Amino acid sequence: MTEFSEILMSVLSTIRVPRPGDRVHKDECAFSFSSPESEGGLYVCMNSFLGYGSKYVDRHHAKTGQRAYLHITRTRKTQKEDDTNSGSGDPPKKKLTRLAIGIEGGFDVEQDQYEEEVKVVLFPDRQEVTSEDLASMPDVVRERVSLSMAGLQAADSVSHTLQVQQWDGEVRQESKHAAELKQLNNGLKIPPSGWRCEVCDLQENLWMNLTDGKVLCGRRYFDGTGGNNHALLHYQQSGYPLAVKLGTITPDGADVYSYDEDDMVLDSKLPEHLAHFGIDMMTMEKTERTMTELEIAVNQRVGEWEVIQESGTTLRPLWGPGLTGMKNLGNSCYLNSVMQVLFTIPDFQTKYVSKIDKIFDEAPADPTQDFKTQVAKLGYGLLSGEYSKPAPDLGDDPNASTEPRDDQVGIAPRMFKALVGRGHPEFSTSRQQDAQEFLLHFINMVERNCRSGMNPTEAFRFLVEEKIVCQQSQKAKYTQRVDYIVQLPVPMDQASNMEELQEAERRREEAESSVAPPPSAPRAQIPFAACLAALSEPETLTDFWSSAVQAKTTATKTTRFASFPDHLVIQIKKFTFGLDWVPKKLDVSIDVPDTLDLSALRAMGQQPGEELLPEVAPPPLMTPDVEVKAPVLDDSTVSQLCEMGFPLEACRKAVYYTGNTGIDAAMNWVMGHMDDPDFSAPLVLPGSSSAPGTTPTESIPEEHLATIVSMGFSRDQATRALRATNNVLERAVDWIFSHLDDLESMDVSEGGRSEGGSEASREPPPGPRVRDGPGKYELFAFISHMGTSTMCGHYVCHIKKDQQWVIFNDQKVCASEKPPKDLGYLYFYRRVVE
């Protein structure tokens with residue numbers, strides 16, 4: 001028996017054969033971004049199926065005693081000359097015909113071809129065992145090791161399983177109305193051409209309702225083009241759900257939209273439905289762009305895209321520490337941009353990168369599932385410079401360009417993305433997301449995972465003071481809440497080029513009444529000072545219940561900073577709703593300053609001689625029968641709000657807090673509270689200690705209590721927050737930060753008595769830890785969005801490093817020539833210490 005045979009026989013019991021459901025990490029190291037393509041390859045533990053790069057495999061062997069690893073190395077195959085090459089080294093760009101990724105006609109996904117070599121390596125001496133060596137070994141050894149090797153090679157890696165290889169934006173579902181669609185026998189016959197909107201005579205973007213045959217124009221687009229919403233208004237009046245876009249009808253199908261389902265749909269009976277109105281589908285030809293073609297055109301829109309990505313200039317690639325690109329895993333640019341910015345902040349560097357060896361030494365058995373380990377891995381990958389290298393050349397292709405490539409090897413944060421998105425309905429998908437929402441989601445995760453030691457998100461945390469003054473009694477109420485982001489409104493009526501915008505609107509209206517194409521709309525120029533004034537100016541509350549006069553009256557609300565954070569994040573509220581409640585993005589340019597002084601917005605607290613409103617809760621909405629303890633809510637108003645897509649509990653709260661005064665008041669409440677952390681939380685009535693579905697005696701998860709208590713709150717406060725949110729930890733954390741004023745007045749614990757003894761001896765409960773200092777800041781980073789909404793488009797970020805602006809566009813990292821600071825979405829400032 002050979003030496004290899006003896007070693008393998010001694011460790012045979014530790015060598016496992018992968019079974020269905022086993023997680024096999026054979027594409028990425030648990031502690032670094034090493035892969036089989038990296039220098040040294042990847043070592044996969046033949047027991048735990050975790051992968052380790054050459055730098056970390058000895059650490060795993062020393063910690064676990066595991067000796068057998070499958071060593072996988074891959075080398076890129078030489079690309080053969082493509083007959084379609086134009087001679088420049090780049091194939092001609094194909095025309096996009098499908099809103100898809102990795103599908104013919106859609107956006108391409110790079111499919112590299114590799115040659116793979118595998119062998120078993122025995123530690124600690126790294127003795128190599130090839131397939132040929134196994135042939136001469138005892139049957140029991142050869143069979144077990146060969147099965148394990150074959151199983152590991154055949155198994156789908158975790159990253160491959162999680163990564164979406166194809167995404168098709170055109171996959172449509174059969175409409176629920178198609179099979180039994182009601183069609184009116186009104187004798188109407190639609191001609192094969194020459195259509196006009198029956199209301200405004202528009203001749204393009206026309207839709208025929210499949211129930212009554214009415215031909216009406218479609219929705220107005222965000223830039224003012226499109227239609228005048230007459231087809232939508234007809235549905236709202238008639239309830240007839242399906243419409244077909246005229247000009248897209250061909251023998252192969254057509255664009256069909258369901259207003260009820262709010263989506264493009266399939267209609268398996270479309271030929272029959274069209275024939276009802278005299279349209280022969282087999283003879284029709286396409287004369288209009290389909291909705292997919294329109295979306296592709298929007299996603300390739302020149303102007304904003306070119307300016308933000310600085311496409312018009314030749315950018316100089318940058319390499320080195322802190323200049324590492326990140327691969328786009330399929331609509332993951334929002335994550336890439338946020339994490340690039342966060343790891344320029346010293347708090348995150350100190351927490352996760354400076355102590356990386358300690359974090360890795362203390363990592364659990366499966367470090368791929370440990371939050372601190374994966375964040376530290378990502379931070380080190382971005383800052384170390386180890387992966388900031390030019391992407392590999394195109395091999396021996398004689399037609400390959402000799403120009404240096406400006407994209408990098410970079411890092412692919414698959415493991416990190418899978419971990420932070422796990423269980424989340426949006427961030428676990430490959431759909432595009434809102435960078436601001438992801439930033440808050442990641443901040444929440446850091447909060448939950450920092451039970452002890454420093455918390456880097458304290459760099460963003462600040463207190464907001466809201467002062468409400470009853471206009472009848474002139475008495476005031478002060479409340480404080482925690483926030484992490486300043487949401488800056490965009491006052492469109494303050495545009496400095498208002499005359500230009502009005503003239504463009506006039507030309508657009510003239511074009512609507514003629515056959516001329518609509519003119520391009522200019523971009524609104526909004527002064528930053530106007531945005532700041534809109535944030536700080538008093539807000540009028542018309543339905544404020546005053547405890548001083550015991551009735552509803554008018555009040556004013558003023559918002560100020562009770563503390564200034566070390567790092568200030570400002571979100572420009574570009575995304576809003578049109579009159580038809582369709583989401584849209586404001587096309588604006590804002591002269592965001594490099595330096596910012598917010599000292600004038602410092603909260604002053606209660607003023608001398610100022611009287612406070614009495615602490616009396618407003619009367620709840622109750623039925624005349626005092627035995628009934630539920631509020632009387634207008635079900636029709638609740639239903640109308642739900643049909644608009646808002647959460648049920650938010651709709652119930654809107655109707656409750658506006659006193660059943662109608663849909664308009666409830667809608668105003670919804671629009672004014674959409675950003676509240678507890679917007680979707682269950683309605684909790686005054687005097688109630690628990691949310692619907694919970695009872696005071698319902699058990700509270702001890703681990704959830706420990707998490708909230710570790711953030712500086714008392715056990716009583718944590719208990720109340722969890723009860724108010726059905727024991728959902730994420731919602732409880734949001735709830736507790738938005739109810740600080742209520743929590744500070746708590747004096748009764750879970751059992752009805754003070755934990756600290758008597759009332760007199762009880763100290764005020766601790767609040768969240770916030771830093772404070774001067775309100776003077778300098779801009780060091782901003783994230784920009786391109787596209788029509790947060791659900792599509794692309795994100796890039798610009799970061800100031802050593803007085804030089806740098807653009808991070810996924811894998812491309814270059815010196816910025818013209819940073820488009822006026823088109824940003826999220827702005828990051830740091831405190832200037834004099």
# chains A, B, ... in the order shown; residues from 1 in each chain; ligands from 1
call {"tool": "residues_around", "arguments": {"residues": "A:Asn228", "least_positions_apart": "4", "cutoff": "8 Å", "atoms": "only C-alpha atoms", "output": "PyMOL selection string"}}
result
chain A and resi 217-220
call {"tool": "write_last_selection", "arguments": {"atoms": "C-alpha atoms", "output": "short mmCIF file (atom, residue, chain, number, x, y, z; two decimals), in the first residue's frame"}}
result
data_model
loop_
_atom_site.label_atom_id
_atom_site.label_comp_id
_atom_site.auth_asym_id
_atom_site.auth_seq_id
_atom_site.Cartn_x
_atom_site.Cartn_y
_atom_site.Cartn_z
CA CYS A 217 -54.67 57.06 -26.11
CA GLY A 218 -52.31 55.50 -23.59
CA ARG A 219 -50.55 56.85 -20.53
CA ARG A 220 -48.41 59.95 -20.48
#
call {"tool": "residues_around", "arguments": {"residues": "A:Gln471", "least_positions_apart": "4", "cutoff": "10 Å", "atoms": "only C-alpha atoms", "output": "PyMOL selection string"}}
result
chain A and resi 475-476+540-541+544+546+553-556
call {"tool": "residues_around", "arguments": {"residues": "A:Gln349", "least_positions_apart": "5", "cutoff": "9 Å", "atoms": "only C-alpha atoms", "output": "list in words"}}
result
Leu342, Phe343, Thr344, Ser354, Lys355, Ala376, Gly379, Tyr380, Leu383 and Pro456 of chain A
call {"tool": "write_last_selection", "arguments": {"atoms": "N, CA and C atoms", "output": "PDB file, in the first residue's frame"}}
result
ATOM      1  N   LEU A 342     -19.579  53.049   1.448  1.00  0.00           N
ATOM      2  CA  LEU A 342     -19.501  52.740   2.880  1.00  0.00           C
ATOM      3  C   LEU A 342     -18.076  52.417   3.306  1.00  0.00           C
ATOM      4  N   PHE A 343     -17.326  51.727   2.456  1.00  0.00           N
ATOM      5  CA  PHE A 343     -15.973  51.347   2.872  1.00  0.00           C
ATOM      6  C   PHE A 343     -14.932  52.425   2.602  1.00  0.00           C
ATOM      7  N   THR A 344     -15.374  53.636   2.293  1.00  0.00           N
ATOM      8  CA  THR A 344     -14.478  54.792   2.353  1.00  0.00           C
ATOM      9  C   THR A 344     -14.620  55.502   3.690  1.00  0.00           C
ATOM     10  N   SER A 354      -9.748  46.525   9.763  1.00  0.00           N
ATOM     11  CA  SER A 354      -8.583  46.612  10.648  1.00  0.00           C
ATOM     12  C   SER A 354      -8.448  45.374  11.528  1.00  0.00           C
ATOM     13  N   LYS A 355      -9.566  44.724  11.835  1.00  0.00           N
ATOM     14  CA  LYS A 355      -9.542  43.556  12.736  1.00  0.00           C
ATOM     15  C   LYS A 355      -9.896  42.272  11.982  1.00  0.00           C
ATOM     16  N   ALA A 376     -16.468  41.753   6.411  1.00  0.00           N
ATOM     17  CA  ALA A 376     -15.024  41.961   6.497  1.00  0.00           C
ATOM     18  C   ALA A 376     -14.327  41.504   5.220  1.00  0.00           C
ATOM     19  N   GLY A 379     -14.988  44.173   2.603  1.00  0.00           N
ATOM     20  CA  GLY A 379     -14.215  45.384   2.871  1.00  0.00           C
ATOM     21  C   GLY A 379     -12.751  45.218   2.532  1.00  0.00           C
ATOM     22  N   TYR A 380     -12.171  44.084   2.915  1.00  0.00           N
ATOM     23  CA  TYR A 380     -10.759  43.838   2.601  1.00  0.00           C
ATOM     24  C   TYR A 380     -10.559  43.714   1.090  1.00  0.00           C
ATOM     25  N   LEU A 383     -10.501  47.281  -0.320  1.00  0.00           N
ATOM     26  CA  LEU A 383      -9.470  48.209   0.136  1.00  0.00           C
ATOM     27  C   LEU A 383      -8.051  47.709  -0.068  1.00  0.00           C
ATOM     28  N   PRO A 456     -20.536  50.863  13.499  1.00  0.00           N
ATOM     29  CA  PRO A 456     -20.158  51.860  12.490  1.00  0.00           C
ATOM     30  C   PRO A 456     -21.318  52.692  11.974  1.00  0.00           C
TER      31      PRO A 456
END
call {"tool": "residues_around", "arguments": {"residues": "A:Gln571", "least_positions_apart": "6", "cutoff": "12 Å", "atoms": "only C-alpha atoms", "output": "PyMOL selection string"}}
result
chain A and resi 434-437+439-440+484-490+531-532+535+592+782-785+823-829
call {"tool": "atom_distance", "arguments": {"atom1": "atom CA of A:Phe427", "atom2": "atom CA of A:Gly381"}}
result
21.6 Å
